[in-house]
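The file query01.txt comes next; it holds compact mmCIF, C-alpha atoms.
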# COMPACT_ATOMS: atom_id res chain seq x y z
CA MET Q 1 -8.46 55.84 62.75
CA ALA Q 2 -8.26 54.77 59.13
CA GLU Q 3 -8.49 51.08 58.40
CA THR Q 4 -5.24 49.59 57.13
CA THR Q 5 -5.27 46.62 54.77
CA GLU Q 6 -2.34 44.48 53.70
CA LEU Q 7 -1.39 43.45 50.19
CA ALA Q 8 1.47 41.21 49.11
CA VAL Q 9 3.45 42.37 46.06
CA ALA Q 10 6.70 41.40 44.35
CA THR Q 11 9.33 43.52 42.67
CA ARG Q 12 9.03 43.68 38.89
CA THR Q 13 11.72 43.53 36.22
CA VAL Q 14 9.38 43.35 33.23
CA VAL Q 15 8.66 46.84 31.85
CA GLY Q 16 7.20 48.51 28.78
CA LYS Q 17 5.28 46.49 26.21
CA ALA Q 18 6.49 43.25 27.78
CA THR Q 19 4.01 43.81 30.62
CA ARG Q 20 1.29 42.54 28.26
CA HIS Q 21 2.54 39.02 28.98
CA LEU Q 22 2.22 39.64 32.73
CA ARG Q 23 -1.42 40.64 32.35
CA LYS Q 24 -2.17 37.50 30.33
CA THR Q 25 -0.91 35.42 33.27
CA GLY Q 26 -3.10 37.24 35.82
CA ILE Q 27 -0.50 39.72 37.04
CA VAL Q 28 -1.06 43.49 37.25
CA PRO Q 29 2.01 45.76 36.88
CA ALA Q 30 2.26 48.63 39.37
CA ASN Q 31 4.60 51.35 40.58
CA ILE Q 32 5.24 52.91 43.98
CA TYR Q 33 6.11 56.63 44.03
CA GLY Q 34 6.64 59.44 46.48
CA HIS Q 35 8.45 60.67 49.60
CA LYS Q 36 11.43 61.71 47.49
CA GLU Q 37 12.40 58.07 47.06
CA ALA Q 38 13.06 56.29 43.79
CA SER Q 39 10.02 54.77 42.14
CA LEU Q 40 9.73 51.03 42.58
CA ALA Q 41 8.26 48.70 39.94
CA VAL Q 42 6.15 45.93 41.48
CA GLN Q 43 3.54 43.41 40.40
CA ILE Q 44 0.31 42.22 42.02
CA ASP Q 45 -1.82 39.13 41.61
CA ALA Q 46 -4.93 40.38 39.81
CA HIS Q 47 -7.37 38.22 41.80
CA THR Q 48 -5.83 39.28 45.11
CA PHE Q 49 -6.09 42.96 44.20
CA ASP Q 50 -9.67 42.56 43.02
CA ARG Q 51 -10.62 40.84 46.28
CA LEU Q 52 -9.06 43.68 48.28
CA ARG Q 53 -10.99 46.20 46.17
CA ARG Q 54 -14.31 44.41 46.75
CA GLU Q 55 -13.85 43.67 50.46
CA HIS Q 56 -12.07 46.81 51.67
CA GLY Q 57 -12.34 49.43 48.96
CA LEU Q 58 -9.38 51.41 47.65
CA ARG Q 59 -9.57 54.53 49.80
CA ASN Q 60 -7.91 53.00 52.83
CA ILE Q 61 -4.24 52.97 53.62
CA ILE Q 62 -2.58 49.83 52.28
CA SER Q 63 0.47 48.13 53.73
CA LEU Q 64 2.35 46.71 50.77
CA ARG Q 65 4.33 43.70 51.93
CA ILE Q 66 7.14 43.38 49.39
CA ALA Q 67 8.76 40.00 48.91
CA GLY Q 68 12.46 39.96 49.79
CA GLU Q 69 14.28 42.46 51.99
CA LEU Q 70 12.28 45.59 51.15
CA GLY Q 71 9.78 45.01 53.96
CA VAL Q 72 6.52 46.98 54.15
CA GLN Q 73 5.62 50.30 52.55
CA THR Q 74 2.52 52.26 53.56
CA VAL Q 75 0.70 53.62 50.51
CA LEU Q 76 -2.52 54.94 49.01
CA VAL Q 77 -3.89 54.01 45.59
CA ARG Q 78 -3.48 57.12 43.46
CA HIS Q 79 -4.42 55.94 39.97
CA ILE Q 80 -5.78 52.85 38.27
CA GLN Q 81 -5.59 52.44 34.48
CA TYR Q 82 -8.37 50.32 32.99
CA ASN Q 83 -8.85 48.74 29.60
CA PRO Q 84 -11.59 50.95 28.06
CA ILE Q 85 -13.42 47.96 26.60
CA SER Q 86 -12.99 45.05 29.03
CA ARG Q 87 -12.55 47.29 32.14
CA LYS Q 88 -9.76 45.00 33.30
CA ILE Q 89 -7.06 46.70 35.34
CA LEU Q 90 -3.96 47.47 33.28
CA HIS Q 91 -1.77 49.30 35.80
CA VAL Q 92 -1.85 50.66 39.35
CA ASP Q 93 0.04 53.63 40.82
CA PHE Q 94 0.65 53.71 44.58
CA SER Q 95 1.99 56.71 46.51
CA ARG Q 96 3.91 56.38 49.75
CA VAL Q 97 2.27 58.04 52.74
CA GLY Q 98 2.99 58.44 56.46
CA MET Q 99 0.17 57.90 58.93
CA GLU Q 100 0.59 61.44 60.34
CA GLU Q 101 0.99 63.04 56.93
CA GLN Q 102 -1.50 65.67 55.79
CA ILE Q 103 -3.07 64.63 52.50
CA GLU Q 104 -5.82 65.80 50.17
CA MET Q 105 -8.50 63.41 48.95
CA LYS Q 106 -12.07 63.36 47.68
CA LEU Q 107 -14.43 62.15 50.39
CA PRO Q 108 -17.64 60.56 49.04
CA LEU Q 109 -20.84 62.25 50.22
CA HIS Q 110 -23.61 60.06 51.62
CA PHE Q 111 -26.86 62.00 51.40
CA VAL Q 112 -29.19 60.99 54.24
CA GLY Q 113 -32.64 61.95 55.48
CA GLU Q 114 -35.46 63.52 53.51
CA ALA Q 115 -35.56 66.89 51.79
CA PRO Q 116 -38.89 68.45 52.86
CA ALA Q 117 -39.17 70.38 49.58
CA VAL Q 118 -39.44 67.10 47.68
CA LYS Q 119 -42.40 65.86 49.71
CA LEU Q 120 -44.15 69.19 50.33
CA HIS Q 121 -43.54 71.02 47.05
CA GLY Q 122 -42.86 68.27 44.53
CA GLY Q 123 -39.29 69.47 44.09
CA VAL Q 124 -36.53 67.43 42.47
CA LEU Q 125 -33.34 66.79 44.40
CA LEU Q 126 -30.16 67.25 42.37
CA HIS Q 127 -26.85 65.87 43.64
CA LEU Q 128 -24.36 68.38 42.26
CA LEU Q 129 -21.29 66.90 43.91
CA GLU Q 130 -20.74 63.26 44.83
CA ALA Q 131 -17.34 63.64 46.52
CA LEU Q 132 -15.95 66.55 48.53
CA PRO Q 133 -12.24 67.52 48.30
CA VAL Q 134 -10.84 67.71 51.83
CA GLY Q 135 -7.54 67.76 53.67
CA CYS Q 136 -6.85 65.46 56.62
CA LYS Q 137 -4.25 63.25 58.23
CA ALA Q 138 -3.75 59.93 56.48
CA SER Q 139 -4.67 58.17 59.72
CA ASP Q 140 -8.08 59.92 59.74
CA ILE Q 141 -9.34 58.82 56.32
CA LEU Q 142 -13.04 57.93 56.28
CA GLU Q 143 -15.00 55.95 53.68
CA SER Q 144 -17.64 58.69 53.36
CA ILE Q 145 -19.37 61.47 55.24
CA ASP Q 146 -23.10 61.92 55.87
CA VAL Q 147 -24.88 65.01 54.58
CA ASP Q 148 -28.27 65.81 56.13
CA LEU Q 149 -30.93 66.85 53.59
CA SER Q 150 -33.48 68.12 56.12
CA SER Q 151 -32.57 71.79 55.60
CA LEU Q 152 -33.74 71.70 51.97
CA THR Q 153 -37.23 73.06 52.65
CA ASP Q 154 -38.05 75.07 49.53
CA ILE Q 155 -37.64 75.08 45.77
CA GLU Q 156 -34.13 76.44 44.99
CA SER Q 157 -32.88 75.51 48.48
CA THR Q 158 -29.19 74.67 48.18
CA LEU Q 159 -26.56 72.93 50.29
CA HIS Q 160 -23.01 74.23 49.95
CA ALA Q 161 -19.66 72.71 50.83
CA SER Q 162 -19.57 74.83 53.98
CA ASP Q 163 -22.79 73.12 55.17
CA VAL Q 164 -21.06 69.73 55.44
CA LYS Q 165 -20.13 68.94 59.04
CA LEU Q 166 -16.55 67.77 58.75
CA PRO Q 167 -14.88 65.62 61.42
CA ALA Q 168 -12.29 67.20 63.69
CA GLY Q 169 -8.99 67.69 61.90
CA TYR Q 170 -10.60 67.93 58.46
CA LYS Q 171 -10.62 71.06 56.31
CA LEU Q 172 -12.26 71.90 53.01
CA ALA Q 173 -10.04 71.79 49.93
CA ILE Q 174 -12.70 73.47 47.77
CA ASP Q 175 -14.51 76.81 47.75
CA ALA Q 176 -16.88 76.92 50.73
CA ASP Q 177 -19.64 78.29 48.47
CA GLU Q 178 -19.48 75.35 46.06
CA PRO Q 179 -23.04 73.90 45.77
CA ILE Q 180 -23.34 70.18 46.51
CA ALA Q 181 -27.12 69.61 46.39
CA LYS Q 182 -30.12 71.63 45.29
CA ILE Q 183 -33.90 71.45 45.00
CA VAL Q 184 -35.36 72.48 41.65
CA ALA Q 185 -38.91 72.72 40.35
CA PRO Q 186 -40.30 69.58 38.68
CA ARG Q 187 -39.77 69.38 34.95
CA SER Q 188 -42.61 70.75 32.84
CA GLY Q 189 -45.18 68.15 31.92
CA LEU Q 190 -44.35 65.68 34.67
CA PRO Q 191 -46.85 64.97 37.43
CA GLU Q 192 -45.54 66.15 40.81
CA ALA Q 193 -45.38 62.63 42.23
CA GLU Q 194 -43.31 61.38 39.30
CA ALA Q 195 -41.00 64.40 39.37
CA ALA Q 196 -40.43 64.04 43.09
CA THR Q 197 -39.10 60.53 42.61
CA SER Q 198 -36.88 61.29 39.61
CA ALA Q 199 -33.87 61.77 41.90
CA PRO Q 200 -33.06 59.47 44.84
CA GLU Q 201 -33.15 60.73 48.41
CA THR Q 202 -30.00 58.85 49.33
CA THR Q 203 -26.96 57.58 47.52
CA THR Q 204 -24.48 54.84 48.21
CA PRO Q 205 -20.87 56.03 47.89
CA THR Q 206 -18.81 54.20 45.29
CA SER Q 207 -15.03 53.60 45.13
CA PRO Q 208 -13.14 56.36 43.19
CA SER Q 209 -11.39 55.94 40.21
CA PRO Q 210 -8.32 57.73 41.05

Please re-express this file's structure in structure tokens.
Amino acid sequence: MAETTELAVATRTVVGKATRHLRKTGIVPANIYGHKEASLAVQIDAHTFDRLRREHGLRNIISLRIAGELGVQTVLVRHIQYNPISRKILHVDFSRVGMEEQIEMKLPLHFVGEAPAVKLHGGVLLHLLEALPVGCKASDILESIDVDLSSLTDIESTLHASDVKLPAGYKLAIDADEPIAKIVAPRSGLPEAEAATSAPETTTPTSPSP
């Protein structure tokens, strides 16, 4: 079952260029879309949203508790606009979602174990895909999925999307033959030991920018 986090928001009347003033006061403008309902302009405390991002990530279902009589809306973060220089959040788009609704998302891949071809043949492990497009119920969202590297035994060994063991109820939303990891020969001129360590054996999934 997907973790659900709660976030308090307020309806927003300030729109357009006037939202610059909101940002200066620590408020992030946002919109809620979807489910054939009218879009709703809301605003979020920037520090509160940043704390949610750091503590819970932004892949989980969020219960937006809207001040007033609008109650709670269940959403996913669909897009975040950042300032290209300061990287401060400028705007957030939420989309309404039902817990039993089928959705598509990119599931981060967590590469685990050791690729024998790296140790035995001095191969270099390339991560060709960091997140796998999948379809699942909103209630079944996971933070990431493990991918075992132990089958990569030779130079040019490749893992494909179809090799990922998906949880029950998940389906691929990408070509099954799409390569996600591969072993290649060490670059010319590099000692084998150095080449073998030029790519990490494991990765830590990061939060998507939608």

Handout entry: Surrounding residues of Val14 in chain Q excluding itself and chain neighbours under 2 positions, 12 Å, only C-alpha atoms, as a VMD selection string
Key = chain Q and resid 10 to 12 16 to 23 27 to 31 41 to 43

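Considering all atoms listed in the file, the residue among Q:Glu143, Q:His127, Q:Ser151, Q:Gly135 positioned nearest to Ile180 in chain Q is Q:His127.
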
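Minimum atom-to-atom distances from Q:Phe49, Q:Tyr82, Q:Phe94, Q:Tyr170 to Ala138 in chain Q were compared using only C-alpha atoms, and the lowest value belongs to Q:Tyr170.
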
Handout entry: Contacts of range 54-67 of chain Q at 8 Å (all atoms listed in the file; same-chain gap of 3+ positions) as a ChimeraX atom specification
Key = /Q:2-11,50-51,70-77,138,141-143,207-208

Practice task
Excluding Pro133 in chain Q and any residue of its chain fewer than 5 positions from it, enumerate the residues within 9 Å of it, using all atoms listed in the file, and give them as a PyMOL selection string.
Solution key: chain Q and resi 104-108+171-174

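Shortest separation to Gly169 in chain Q among Q:Thr25, Q:Gln102, Q:Ser144, Q:Thr153 occurs at residue Q:Gln102, atoms counted being all atoms listed in the file.
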
Please define a box with edges along x, y and z of the file around all atoms of range 124-133 of chain Q given in the file, extend it by 5 Å on each side, and return its centre and edge lengths in Å to one decimal, as lines of an AutoDock Vina configuration file.
center_x = -24.4
center_y = 65.8
center_z = 45.4
size_x = 34.3
size_y = 15.1
size_z = 16.3

Exercise for the section: Could you jot down the CA of Glu100 in chain Q to CA of Ser139 in chain Q separation for me, Å, one decimal place? Expected result: 6.2 Å

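Our summary of the geometry notes that CA of Ile32 in chain Q is positioned 11.4 Å from CA of His91 in chain Q.
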
Practice task
Can you pull out every residue within 10 Å of Asp154 in chain Q, counting all atoms listed in the file, but drop anything in the same chain fewer than 2 positions away, and send it as a ChimeraX atom specification?
Solution key: /Q:115-118,120-123,151-152,156-158,182-185

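The spacing separating CA of Leu132 in chain Q from CA of Glu178 in chain Q amounts to 9.8 Å.
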
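Nearest residue to Val147 in chain Q, choosing from Q:Val112, Q:Ala181, Q:Ala176, Q:Val124 and counting all atoms listed in the file: Q:Val112.
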
Practice task
Tell me which of Q:Asp140, Q:His35, Q:His160, Q:Arg78 sits closest to Val97 in chain Q, counting only C-alpha atoms.
Solution key: Q:His35

Fill in the blank from the handout: The residue from Q:Arg96, Q:Asp177, Q:Leu129, Q:Glu101 with the smallest atom-to-atom distance to Lys36 in chain Q, counting all atoms listed in the file, is Q:Arg96

What lies within 6 Å of Leu109 in chain Q using only C-alpha atoms, ignoring chain neighbours under 3 positions off, as a tab-separated table (two decimals) with C-alpha atoms, keeping the file's coordinate frame?
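So part.tsv came out as:
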chain	number	residue	atom	x	y	z
Q	130	GLU	CA	-20.74	63.26	44.83
Q	131	ALA	CA	-17.34	63.64	46.52
Q	144	SER	CA	-17.64	58.69	53.36
Q	145	ILE	CA	-19.37	61.47	55.24
